[in-house]
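Trainee: Attaching a single structure in structure tokens format; questions to follow.
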Amino acid sequence: MEYTEIKPDMTIADLIRSGAYGAFADYIFTDMTPDRCYAKLSEFGFNTVGFVPGLHRMEELAASDGKRGATFVKDIYSEEERLANWDLARVKLLYFPAQTAGEDGPKPYALVIPGGGFNRQWGFVEGEAIAAALNKKGIPAFVLYYRVKQEPLMPKPLEDMYRAIRYIDENADSFHVLPGHYMLAGFSAGAVIASEAGSLNFGWNSAPADIPNGAGGLQHWAGADVARPELIALGYTVVSNKASLAAYESAPEGSARKASAAAFLRRVGGPLVDAASTAPYELIDFIDETYPKTYLVANEDDPVVPVVNTKALDKKLSELNVPHITRIGRKGGHSFGLGIGLEVEGWLDECVDFWLKA
């Protein structure tokens with residue numbers, strides 16, 4: 001097909017207004033502020049992140065079903081649940097069928113979880129770009145848009161992740177996938193979500209439990225009840241909130257740095273903003289040798305999530321003898337998507353090969 005032209009000096013608003021992406025347009029970048037909406041695409045790493053093929057894939061799907069792509073945007077919660085709980089209505093699952101869908105039988109699938117500080121979702125960099133690249137490799141992919149913005153927010157995104165997995169498995173025939181055979185790929189805040197799929201507190205086989213809710217009380221965790229991920233891929237992940245707590249405590253009162261750190265910590269642990277509130281999400285403290293096979297990727301110069309997080313998890317996995325690959329580049333910053341032209345370029349190919357090899 002003839003694709004809509006995409007230029008580096010265009011803005012996200014230009015993409016949305018073009019009409020080329022149909023129902024997918026709402027998920028290019030969620031909860032936008034004017035500085036994001038009218039930022040030029042060149043500011044997001046026009047060539048590096050690989051979002052142009054992602055946009056082309058969305059355009060293909062939007063033109064394919066006679067419904068502007070609405071067929072590929074799924075509600076994973078029932079209508080009754082969405083009516084009873086306002087925040088569930090915003091939870092969506094975008095389906096990207098493999099470009100060989102239906103050929104050679106059902107296939108393993110990938111669930112992609114974009115980041116955004118639990119405040120928004122960088123879908124076009126950390127979701128659609130990854131899904132489109134997976135499609136070209138013959139892999140069905142899904143991009144999860146989970147609950148954000150609430151204080152406290154956790155563990156609601158974890159509930160959304162597990163509901164998405166159950167939904168995909170229950171509808172495996174229509175998606176042409178093998179139920180229970182999947183990898184998770186999370187980025188930044190999305191990596192925090194994906195990483196918990198292997199934790200002892202909130203992992204794939206976790207049992208119901210009561211956890212601190214960040215206000216001096218307890219919140220019920222319903223448990224996961226899904227198949228074990230075959231691989232967890234984590235892009236520039238956070239594995240400890242201790243650094244964020246230290247930044248919050250040391251920042252001057254009234255500063256933007258203090259406000260930003262406080263907002264993230266309140267979403268994770270609630271209003272108290274202390275170590276006890278975030279303790280259940282200290283991943284390093286709650287993993288053992290049963291953690292799934294893992295792929296880690298990050299850059300040394302990441303100004304948002306210090307690379308020490310990735311290195312700490314790499315060290316822990318090595319101590320536990322968990323099979324894993326760690327890919328760290330010198331330059332490339334944060335939110336680099338496919339990392340085209342960076343030292344980490346090719347990370348997704350390596351990750352998929354690691355996942356699928358016997």
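Residues are named by chain letter and number: chains run A, B, ... in the order of the structure tokens, numbers start at 1 in each chain, and ligands are numbered from 1 in the order shown.
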Hey, what does DSSP flag as alpha helix (DSSP H) within region 41-164 of chain A? Can you give it to me as an NGL selection string?
Mentor: :A and (51-62 or 79-84 or 123-126 or 128-136 or 156-164)
Trainee: Would you write out those residues with C-alpha atoms, as an mmCIF file, in the first residue's frame?
Mentor:
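Final output, selection_34.cif:
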```
data_model
loop_
_atom_site.group_PDB
_atom_site.id
_atom_site.type_symbol
_atom_site.label_atom_id
_atom_site.label_comp_id
_atom_site.auth_asym_id
_atom_site.auth_seq_id
_atom_site.Cartn_x
_atom_site.Cartn_y
_atom_site.Cartn_z
ATOM 1 C CA PHE A 51 8.612 4.156 15.053
ATOM 2 C CA VAL A 52 8.138 4.862 11.316
ATOM 3 C CA PRO A 53 7.683 1.131 10.536
ATOM 4 C CA GLY A 54 5.423 0.998 13.589
ATOM 5 C CA LEU A 55 3.261 3.781 12.202
ATOM 6 C CA HIS A 56 3.180 2.047 8.823
ATOM 7 C CA ARG A 57 2.005 -1.159 10.493
ATOM 8 C CA MET A 58 -0.786 0.726 12.270
ATOM 9 C CA GLU A 59 -1.776 2.295 8.963
ATOM 10 C CA GLU A 60 -1.934 -1.163 7.344
ATOM 11 C CA LEU A 61 -4.155 -2.524 10.084
ATOM 12 C CA ALA A 62 -6.369 0.575 10.148
ATOM 13 C CA GLU A 79 -18.681 -4.258 30.127
ATOM 14 C CA GLU A 80 -20.016 -4.904 33.614
ATOM 15 C CA GLU A 81 -16.547 -4.488 35.113
ATOM 16 C CA ARG A 82 -15.910 -1.297 33.142
ATOM 17 C CA LEU A 83 -19.202 0.232 34.234
ATOM 18 C CA ALA A 84 -18.543 -0.595 37.869
ATOM 19 C CA GLY A 123 3.168 3.813 22.875
ATOM 20 C CA PHE A 124 4.650 4.784 19.524
ATOM 21 C CA VAL A 125 8.249 4.295 20.734
ATOM 22 C CA GLU A 126 7.950 1.474 23.270
ATOM 23 C CA GLU A 128 3.961 -0.096 18.296
ATOM 24 C CA ALA A 129 7.579 0.080 17.088
ATOM 25 C CA ILE A 130 8.404 -3.101 18.973
ATOM 26 C CA ALA A 131 5.187 -4.858 17.908
ATOM 27 C CA ALA A 132 5.751 -4.028 14.230
ATOM 28 C CA ALA A 133 9.309 -5.367 14.357
ATOM 29 C CA LEU A 134 8.043 -8.567 15.992
ATOM 30 C CA ASN A 135 5.373 -8.929 13.297
ATOM 31 C CA LYS A 136 8.058 -8.853 10.617
ATOM 32 C CA LYS A 156 -3.318 -2.266 39.405
ATOM 33 C CA PRO A 157 -1.021 -2.367 36.334
ATOM 34 C CA LEU A 158 0.059 -5.849 37.420
ATOM 35 C CA GLU A 159 -3.573 -6.911 37.526
ATOM 36 C CA ASP A 160 -3.988 -5.495 34.009
ATOM 37 C CA MET A 161 -0.957 -7.439 32.761
ATOM 38 C CA TYR A 162 -2.258 -10.740 34.102
ATOM 39 C CA ARG A 163 -5.775 -10.072 32.844
ATOM 40 C CA ALA A 164 -4.305 -9.390 29.385
#
```
Trainee: Go through region 193-308 of chain A and flag each residue having an atom no more than 12 Å from region 100-110 of chain A; for those, report the closest pair of atoms plus their distance in Å to one decimal, using only C-alpha atoms, ordered by chain and rising number, as a tab-separated table.
Mentor:
```
residue	atom	partner	partner_atom	distance
A:Ala194	CA	A:Ala110	CA	11.6
A:Pro229	CA	A:Ala110	CA	9.8
A:Glu230	CA	A:Pro108	CA	9.6
A:Leu231	CA	A:Ala110	CA	9.5
A:Ile232	CA	A:Ala110	CA	9.8
A:Ala233	CA	A:Ala110	CA	10.1
```
Trainee: Assign secondary structure with DSSP using the backbone only, and return the residues of region 67-287 of chain A in strand (DSSP E) as a CSV table (one decimal) with all heavy atoms, in the first residue's frame.
Mentor:
```csv
chain,number,residue,atom,x,y,z
A,73,VAL,N,-8.3,-3.2,18.5
A,73,VAL,CA,-8.3,-2.5,19.9
A,73,VAL,C,-9.3,-3.3,20.8
A,73,VAL,O,-10.5,-3.2,20.5
A,73,VAL,CB,-8.6,-1.0,19.8
A,73,VAL,CG1,-8.6,-0.4,21.2
A,73,VAL,CG2,-7.7,-0.3,18.8
A,74,LYS,N,-8.8,-3.9,21.8
A,74,LYS,CA,-9.6,-4.9,22.6
A,74,LYS,C,-9.8,-4.3,24.0
A,74,LYS,O,-8.9,-3.8,24.6
A,74,LYS,CB,-8.9,-6.2,22.7
A,74,LYS,CG,-8.6,-6.8,21.3
A,74,LYS,CD,-9.8,-7.2,20.5
A,74,LYS,CE,-9.4,-7.9,19.2
A,74,LYS,NZ,-10.6,-8.3,18.4
A,92,LYS,N,-6.6,-1.0,27.6
A,92,LYS,CA,-6.8,-1.6,26.2
A,92,LYS,C,-5.7,-2.5,25.9
A,92,LYS,O,-4.6,-2.3,26.4
A,92,LYS,CB,-6.9,-0.4,25.2
A,92,LYS,CG,-8.0,0.6,25.5
A,92,LYS,CD,-9.4,0.1,25.3
A,92,LYS,CE,-10.4,1.2,25.5
A,92,LYS,NZ,-11.8,0.6,25.3
A,93,LEU,N,-6.0,-3.4,24.9
A,93,LEU,CA,-5.0,-4.3,24.4
A,93,LEU,C,-5.0,-4.1,22.9
A,93,LEU,O,-6.0,-4.4,22.3
A,93,LEU,CB,-5.3,-5.7,24.8
A,93,LEU,CG,-4.2,-6.7,24.5
A,93,LEU,CD1,-3.0,-6.5,25.4
A,93,LEU,CD2,-4.7,-8.2,24.7
A,94,LEU,N,-3.9,-3.7,22.3
A,94,LEU,CA,-3.8,-3.5,20.8
A,94,LEU,C,-3.2,-4.8,20.3
A,94,LEU,O,-2.1,-5.2,20.7
A,94,LEU,CB,-2.9,-2.3,20.5
A,94,LEU,CG,-3.7,-1.0,20.4
A,94,LEU,CD1,-4.4,-0.6,21.7
A,94,LEU,CD2,-2.7,0.1,20.0
A,95,TYR,N,-3.9,-5.4,19.3
A,95,TYR,CA,-3.4,-6.6,18.7
A,95,TYR,C,-2.7,-6.4,17.4
A,95,TYR,O,-3.3,-5.7,16.5
A,95,TYR,CB,-4.7,-7.5,18.5
A,95,TYR,CG,-4.4,-8.8,17.6
A,95,TYR,CD1,-3.3,-9.6,17.8
A,95,TYR,CD2,-5.4,-9.2,16.7
A,95,TYR,CE1,-3.1,-10.7,17.0
A,95,TYR,CE2,-5.2,-10.3,15.9
A,95,TYR,CZ,-4.1,-11.1,16.1
A,95,TYR,OH,-3.9,-12.2,15.4
A,96,PHE,N,-1.5,-6.9,17.2
A,96,PHE,CA,-0.7,-6.8,16.0
A,96,PHE,C,-0.5,-8.2,15.5
A,96,PHE,O,0.5,-8.8,15.9
A,96,PHE,CB,0.6,-6.1,16.3
A,96,PHE,CG,0.5,-4.6,16.5
A,96,PHE,CD1,0.0,-4.1,17.7
A,96,PHE,CD2,0.8,-3.7,15.6
A,96,PHE,CE1,-0.1,-2.7,18.0
A,96,PHE,CE2,0.7,-2.3,15.8
A,96,PHE,CZ,0.2,-1.8,17.0
A,107,LYS,N,1.2,-19.6,16.9
A,107,LYS,CA,2.6,-19.3,17.3
A,107,LYS,C,2.7,-18.7,18.7
A,107,LYS,O,1.7,-18.1,19.2
A,107,LYS,CB,3.1,-18.3,16.3
A,107,LYS,CG,3.1,-18.8,14.8
A,107,LYS,CD,3.6,-17.8,13.9
A,107,LYS,CE,3.6,-18.3,12.4
A,107,LYS,NZ,4.1,-17.3,11.5
A,108,PRO,N,3.9,-18.7,19.3
A,108,PRO,CA,4.1,-18.0,20.5
A,108,PRO,C,3.9,-16.5,20.3
A,108,PRO,O,4.0,-16.0,19.2
A,108,PRO,CB,5.5,-18.3,20.9
A,108,PRO,CG,5.9,-19.5,20.1
A,108,PRO,CD,5.1,-19.4,18.8
A,109,TYR,N,3.5,-15.8,21.4
A,109,TYR,CA,3.2,-14.4,21.2
A,109,TYR,C,4.0,-13.5,22.2
A,109,TYR,O,4.6,-14.1,23.2
A,109,TYR,CB,1.7,-14.1,21.4
A,109,TYR,CG,1.2,-14.4,22.8
A,109,TYR,CD1,1.2,-13.4,23.8
A,109,TYR,CD2,0.7,-15.6,23.1
A,109,TYR,CE1,0.7,-13.7,25.0
A,109,TYR,CE2,0.1,-15.9,24.4
A,109,TYR,CZ,0.2,-14.9,25.3
A,109,TYR,OH,-0.3,-15.2,26.6
A,110,ALA,N,4.1,-12.2,21.9
A,110,ALA,CA,4.7,-11.3,22.8
A,110,ALA,C,3.7,-10.3,23.3
A,110,ALA,O,2.9,-9.8,22.6
A,110,ALA,CB,5.8,-10.6,22.1
A,111,LEU,N,3.8,-10.0,24.6
A,111,LEU,CA,3.0,-8.9,25.2
A,111,LEU,C,4.0,-7.8,25.6
A,111,LEU,O,4.9,-7.9,26.3
A,111,LEU,CB,2.4,-9.4,26.5
A,111,LEU,CG,1.5,-8.3,27.3
A,111,LEU,CD1,0.4,-7.8,26.4
A,111,LEU,CD2,1.0,-8.9,28.6
A,112,VAL,N,3.8,-6.6,24.9
A,112,VAL,CA,4.7,-5.5,25.0
A,112,VAL,C,4.0,-4.4,25.9
A,112,VAL,O,2.9,-4.1,25.8
A,112,VAL,CB,4.9,-4.9,23.6
A,112,VAL,CG1,5.9,-3.7,23.7
A,112,VAL,CG2,5.4,-5.9,22.7
A,113,ILE,N,4.8,-3.9,26.9
A,113,ILE,CA,4.3,-3.0,27.9
A,113,ILE,C,5.1,-1.7,27.9
A,113,ILE,O,6.3,-1.7,28.4
A,113,ILE,CB,4.3,-3.6,29.3
A,113,ILE,CG1,3.7,-5.0,29.3
A,113,ILE,CG2,3.6,-2.7,30.3
A,113,ILE,CD1,3.8,-5.8,30.6
A,141,ALA,N,2.0,-9.9,18.3
A,141,ALA,CA,2.3,-9.1,19.4
A,141,ALA,C,1.1,-8.3,19.9
A,141,ALA,O,0.2,-8.0,19.1
A,141,ALA,CB,3.4,-8.1,19.0
A,142,PHE,N,1.1,-8.0,21.1
A,142,PHE,CA,0.0,-7.2,21.8
A,142,PHE,C,0.7,-6.1,22.6
A,142,PHE,O,1.7,-6.3,23.2
A,142,PHE,CB,-0.8,-8.1,22.7
A,142,PHE,CG,-1.4,-9.3,22.1
A,142,PHE,CD1,-0.7,-10.5,21.8
A,142,PHE,CD2,-2.8,-9.3,21.7
A,142,PHE,CE1,-1.3,-11.6,21.2
A,142,PHE,CE2,-3.4,-10.3,21.0
A,142,PHE,CZ,-2.6,-11.5,20.8
A,143,VAL,N,0.1,-4.9,22.5
A,143,VAL,CA,0.6,-3.8,23.3
A,143,VAL,C,-0.4,-3.5,24.4
A,143,VAL,O,-1.6,-3.2,24.1
A,143,VAL,CB,0.9,-2.6,22.4
A,143,VAL,CG1,1.4,-1.4,23.3
A,143,VAL,CG2,1.8,-2.9,21.3
A,144,LEU,N,0.0,-3.5,25.6
A,144,LEU,CA,-0.9,-3.2,26.8
A,144,LEU,C,-0.9,-1.8,27.2
A,144,LEU,O,0.1,-1.2,27.5
A,144,LEU,CB,-0.5,-4.1,27.9
A,144,LEU,CG,-1.3,-3.9,29.2
A,144,LEU,CD1,-2.8,-4.3,29.0
A,144,LEU,CD2,-0.7,-4.7,30.4
A,145,TYR,N,-2.1,-1.2,27.3
A,145,TYR,CA,-2.3,0.1,27.8
A,145,TYR,C,-3.0,-0.1,29.2
A,145,TYR,O,-4.2,-0.3,29.3
A,145,TYR,CB,-3.1,1.0,26.9
A,145,TYR,CG,-2.3,1.4,25.7
A,145,TYR,CD1,-2.1,0.6,24.6
A,145,TYR,CD2,-1.6,2.6,25.7
A,145,TYR,CE1,-1.2,0.9,23.6
A,145,TYR,CE2,-0.8,3.0,24.6
A,145,TYR,CZ,-0.6,2.1,23.6
A,145,TYR,OH,0.2,2.5,22.5
A,177,VAL,N,-2.5,-17.8,18.2
A,177,VAL,CA,-1.4,-17.9,19.1
A,177,VAL,C,-1.5,-19.2,19.9
A,177,VAL,O,-2.5,-19.8,20.1
A,177,VAL,CB,-1.3,-16.7,20.1
A,177,VAL,CG1,-1.2,-15.4,19.4
A,177,VAL,CG2,-2.5,-16.7,21.1
A,178,LEU,N,-0.3,-19.6,20.5
A,178,LEU,CA,-0.3,-20.8,21.4
A,178,LEU,C,-0.5,-20.3,22.8
A,178,LEU,O,0.3,-19.6,23.4
A,178,LEU,CB,1.1,-21.4,21.3
A,178,LEU,CG,1.4,-22.2,20.0
A,178,LEU,CD1,2.9,-22.5,19.9
A,178,LEU,CD2,0.6,-23.4,19.8
A,179,PRO,N,-1.6,-20.7,23.4
A,179,PRO,CA,-1.8,-20.2,24.8
A,179,PRO,C,-0.7,-20.7,25.8
A,179,PRO,O,-0.2,-21.8,25.7
A,179,PRO,CB,-3.2,-20.9,25.2
A,179,PRO,CG,-3.3,-22.0,24.2
A,179,PRO,CD,-2.6,-21.6,23.0
A,180,GLY,N,-0.3,-19.8,26.6
A,180,GLY,CA,0.7,-20.1,27.6
A,180,GLY,C,2.1,-20.1,27.1
A,180,GLY,O,3.1,-20.3,27.9
A,181,HIS,N,2.3,-19.7,25.8
A,181,HIS,CA,3.7,-19.6,25.2
A,181,HIS,C,3.9,-18.2,24.8
A,181,HIS,O,3.5,-17.7,23.8
A,181,HIS,CB,3.8,-20.6,24.0
A,181,HIS,CG,3.8,-22.0,24.4
A,181,HIS,ND1,4.9,-22.7,24.8
A,181,HIS,CD2,2.7,-22.9,24.4
A,181,HIS,CE1,4.5,-24.0,25.1
A,181,HIS,NE2,3.3,-24.1,24.9
A,182,TYR,N,4.6,-17.4,25.7
A,182,TYR,CA,4.7,-16.0,25.5
A,182,TYR,C,6.0,-15.4,26.1
A,182,TYR,O,6.5,-16.0,27.1
A,182,TYR,CB,3.5,-15.3,26.0
A,182,TYR,CG,3.3,-15.3,27.5
A,182,TYR,CD1,3.8,-14.2,28.3
A,182,TYR,CD2,2.8,-16.4,28.2
A,182,TYR,CE1,3.7,-14.2,29.7
A,182,TYR,CE2,2.7,-16.4,29.6
A,182,TYR,CZ,3.1,-15.3,30.3
A,182,TYR,OH,3.0,-15.3,31.7
A,183,MET,N,6.4,-14.3,25.6
A,183,MET,CA,7.4,-13.5,26.3
A,183,MET,C,6.8,-12.1,26.7
A,183,MET,O,5.8,-11.7,26.0
A,183,MET,CB,8.6,-13.2,25.4
A,183,MET,CG,8.3,-12.4,24.1
A,183,MET,SD,9.8,-11.8,23.3
A,183,MET,CE,10.3,-10.3,24.2
A,184,LEU,N,7.3,-11.5,27.7
A,184,LEU,CA,7.0,-10.1,28.1
A,184,LEU,C,8.1,-9.2,27.7
A,184,LEU,O,9.3,-9.6,27.8
A,184,LEU,CB,6.7,-10.1,29.6
A,184,LEU,CG,5.6,-10.9,30.2
A,184,LEU,CD1,5.6,-10.8,31.7
A,184,LEU,CD2,4.2,-10.4,29.7
A,185,ALA,N,7.8,-8.0,27.2
A,185,ALA,CA,8.8,-7.0,26.8
A,185,ALA,C,8.3,-5.7,27.4
A,185,ALA,O,7.3,-5.1,27.0
A,185,ALA,CB,9.0,-6.9,25.3
A,186,GLY,N,9.0,-5.2,28.5
A,186,GLY,CA,8.6,-4.0,29.2
A,186,GLY,C,9.7,-3.0,29.1
A,186,GLY,O,10.9,-3.3,29.1
A,187,PHE,N,9.3,-1.7,29.1
A,187,PHE,CA,10.3,-0.6,29.0
A,187,PHE,C,10.0,0.4,30.1
A,187,PHE,O,8.9,0.9,30.3
A,187,PHE,CB,10.2,0.0,27.6
A,187,PHE,CG,10.4,-1.0,26.5
A,187,PHE,CD1,9.3,-1.7,26.0
A,187,PHE,CD2,11.6,-1.2,26.0
A,187,PHE,CE1,9.5,-2.7,25.0
A,187,PHE,CE2,11.8,-2.2,25.0
A,187,PHE,CZ,10.8,-2.9,24.5
A,209,ALA,N,-2.8,-12.5,48.6
A,209,ALA,CA,-2.1,-12.0,49.8
A,209,ALA,C,-2.5,-10.6,50.1
A,209,ALA,O,-3.1,-9.9,49.3
A,209,ALA,CB,-0.6,-12.1,49.6
A,210,ASP,N,-2.2,-10.1,51.3
A,210,ASP,CA,-2.4,-8.8,51.7
A,210,ASP,C,-1.1,-8.0,51.8
A,210,ASP,O,-0.1,-8.5,52.4
A,210,ASP,CB,-3.1,-8.7,53.1
A,210,ASP,CG,-4.5,-9.2,53.1
A,210,ASP,OD1,-5.2,-8.9,52.1
A,210,ASP,OD2,-4.9,-9.9,54.0
A,211,ILE,N,-1.0,-6.9,51.1
A,211,ILE,CA,0.2,-6.1,51.0
A,211,ILE,C,0.0,-4.7,51.6
A,211,ILE,O,-1.1,-4.2,51.6
A,211,ILE,CB,0.7,-6.0,49.6
A,211,ILE,CG1,-0.3,-5.4,48.7
A,211,ILE,CG2,1.1,-7.4,49.0
A,211,ILE,CD1,0.2,-5.1,47.3
A,212,PRO,N,1.1,-4.0,52.0
A,212,PRO,CA,1.0,-2.6,52.5
A,212,PRO,C,0.4,-1.8,51.4
A,212,PRO,O,0.8,-1.9,50.2
A,212,PRO,CB,2.4,-2.2,52.8
A,212,PRO,CG,3.1,-3.5,53.1
A,212,PRO,CD,2.5,-4.5,52.2
A,218,LEU,N,-3.5,-2.3,54.6
A,218,LEU,CA,-3.2,-3.4,53.7
A,218,LEU,C,-4.2,-3.4,52.5
A,218,LEU,O,-5.3,-2.9,52.6
A,218,LEU,CB,-3.4,-4.8,54.5
A,218,LEU,CG,-2.4,-5.0,55.6
A,218,LEU,CD1,-2.9,-6.3,56.4
A,218,LEU,CD2,-1.0,-5.1,55.1
A,219,GLN,N,-3.7,-3.9,51.4
A,219,GLN,CA,-4.4,-4.0,50.2
A,219,GLN,C,-4.4,-5.4,49.7
A,219,GLN,O,-3.3,-6.0,49.8
A,219,GLN,CB,-3.9,-3.0,49.1
A,219,GLN,CG,-4.7,-3.1,47.8
A,219,GLN,CD,-4.2,-2.0,46.9
A,219,GLN,OE1,-3.2,-1.4,47.1
A,219,GLN,NE2,-4.9,-1.8,45.8
A,220,HIS,N,-5.5,-5.9,49.3
A,220,HIS,CA,-5.5,-7.3,48.9
A,220,HIS,C,-5.0,-7.5,47.5
A,220,HIS,O,-5.3,-6.8,46.5
A,220,HIS,CB,-7.0,-7.9,48.9
A,220,HIS,CG,-7.0,-9.4,48.7
A,220,HIS,ND1,-6.5,-10.3,49.6
A,220,HIS,CD2,-7.6,-10.1,47.7
A,220,HIS,CE1,-6.7,-11.5,49.1
A,220,HIS,NE2,-7.3,-11.4,47.9
A,221,TRP,N,-4.1,-8.5,47.3
A,221,TRP,CA,-3.6,-8.9,46.0
A,221,TRP,C,-4.2,-10.2,45.7
A,221,TRP,O,-4.2,-11.2,46.4
A,221,TRP,CB,-2.0,-9.1,46.1
A,221,TRP,CG,-1.4,-9.8,44.9
A,221,TRP,CD1,-0.8,-11.0,44.9
A,221,TRP,CD2,-1.4,-9.3,43.6
A,221,TRP,NE1,-0.4,-11.3,43.7
A,221,TRP,CE2,-0.7,-10.3,42.8
A,221,TRP,CE3,-1.9,-8.2,42.9
A,221,TRP,CZ2,-0.5,-10.2,41.4
A,221,TRP,CZ3,-1.7,-8.1,41.6
A,221,TRP,CH2,-1.0,-9.0,40.8
A,231,LEU,N,10.1,-15.8,28.6
A,231,LEU,CA,11.2,-14.9,28.7
A,231,LEU,C,10.7,-13.5,29.1
A,231,LEU,O,9.5,-13.2,28.7
A,231,LEU,CB,12.0,-14.7,27.4
A,231,LEU,CG,13.1,-13.7,27.4
A,231,LEU,CD1,14.3,-14.3,26.6
A,231,LEU,CD2,12.7,-12.4,26.7
A,232,ILE,N,11.4,-12.8,29.9
A,232,ILE,CA,11.1,-11.4,30.3
A,232,ILE,C,12.2,-10.5,29.7
A,232,ILE,O,13.3,-10.6,30.1
A,232,ILE,CB,10.9,-11.2,31.8
A,232,ILE,CG1,9.8,-12.2,32.4
A,232,ILE,CG2,10.6,-9.8,32.1
A,232,ILE,CD1,9.7,-12.1,33.9
A,233,ALA,N,11.8,-9.6,28.8
A,233,ALA,CA,12.7,-8.6,28.3
A,233,ALA,C,12.5,-7.3,29.0
A,233,ALA,O,11.3,-6.8,29.0
A,233,ALA,CB,12.6,-8.5,26.8
A,234,LEU,N,13.6,-6.7,29.5
A,234,LEU,CA,13.4,-5.5,30.3
A,234,LEU,C,14.3,-4.4,29.7
A,234,LEU,O,15.6,-4.5,29.7
A,234,LEU,CB,13.8,-5.7,31.7
A,234,LEU,CG,13.0,-6.8,32.4
A,234,LEU,CD1,13.6,-7.1,33.8
A,234,LEU,CD2,11.5,-6.4,32.5
A,235,GLY,N,13.7,-3.3,29.2
A,235,GLY,CA,14.4,-2.2,28.7
A,235,GLY,C,14.5,-1.1,29.7
A,235,GLY,O,13.5,-0.6,30.2
```
Trainee: Between A:Asn309, A:Asn299, A:Asn205, A:Thr30, which is the closest to Gly127 (chain A) once you count only C-alpha atoms?
Mentor: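 Under the stated criterion, the closest residue is A:Thr30.
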Trainee: How many Å separate CA of Gly339 (chain A) from CA of Ile325 (chain A)?
Mentor: 16.7 Å
Trainee: Could you name the residues that touch Thr290 (chain A) at 12 Å or less, counting only C-alpha atoms, but leaving out those on the same chain fewer than 6 positions away, as a ChimeraX atom specification?
Mentor: /A:197-200,203-205,228-230,317,320-323
Trainee: Quick one: distance from CA of Phe354 (chain A) to CA of Val239 (chain A) in Å, one decimal?
Mentor: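 The value is 22.1 Å.
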Trainee: May I have the residues within 10 Å of region 244-248 of chain A as a ChimeraX atom specification, using only C-alpha atoms and disregarding those fewer than 3 positions away in the same chain?
Mentor: /A:238,240-241,251-253,255,257-265,273-275,278,305
Trainee: Just write the chosen residues, C-alpha atoms, as a JSON list (two decimals), in the first residue's frame.
Mentor:
```
[["chain", "number", "residue", "atom", "x", "y", "z"],
["A", 238, "VAL", "CA", 13.97, 0.18, 37.63],
["A", 240, "SER", "CA", 14.83, -0.53, 43.29],
["A", 241, "ASN", "CA", 13.01, 2.56, 44.54],
["A", 251, "ALA", "CA", 15.92, 17.54, 46.70],
["A", 252, "PRO", "CA", 15.15, 21.11, 47.81],
["A", 253, "GLU", "CA", 11.62, 21.76, 48.99],
["A", 255, "SER", "CA", 11.82, 21.93, 43.44],
["A", 257, "ARG", "CA", 13.02, 17.30, 41.07],
["A", 258, "LYS", "CA", 11.36, 16.71, 44.43],
["A", 259, "ALA", "CA", 7.87, 16.93, 42.94],
["A", 260, "SER", "CA", 8.72, 14.49, 40.14],
["A", 261, "ALA", "CA", 10.28, 11.93, 42.50],
["A", 262, "ALA", "CA", 7.36, 12.25, 44.91],
["A", 263, "ALA", "CA", 4.75, 11.72, 42.18],
["A", 264, "PHE", "CA", 6.41, 8.50, 40.98],
["A", 265, "LEU", "CA", 6.80, 7.16, 44.51],
["A", 273, "VAL", "CA", 6.47, 8.25, 50.30],
["A", 274, "ASP", "CA", 8.69, 6.10, 52.47],
["A", 275, "ALA", "CA", 10.71, 2.91, 52.26],
["A", 278, "THR", "CA", 7.61, 0.82, 48.35],
["A", 305, "VAL", "CA", 16.74, 5.50, 34.97]]
```
Trainee: What gap, in Å, lies between CA of Leu342 (chain A) and CA of Phe46 (chain A)?
Mentor: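 Distance between the two atoms: 13.0 Å.
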Trainee: Here is a test: counting only C-alpha atoms, which residue of A:Asp349, A:Ala189, A:Ala23, A:Val226 is nearest to Ala207 (chain A)?
Mentor: A:Val226
Trainee: Find the residue from A:Leu313, A:Ala70, A:Ile139, A:Ala89 that sits nearest to Val352 (chain A); use only C-alpha atoms when measuring.
Mentor: A:Ile139
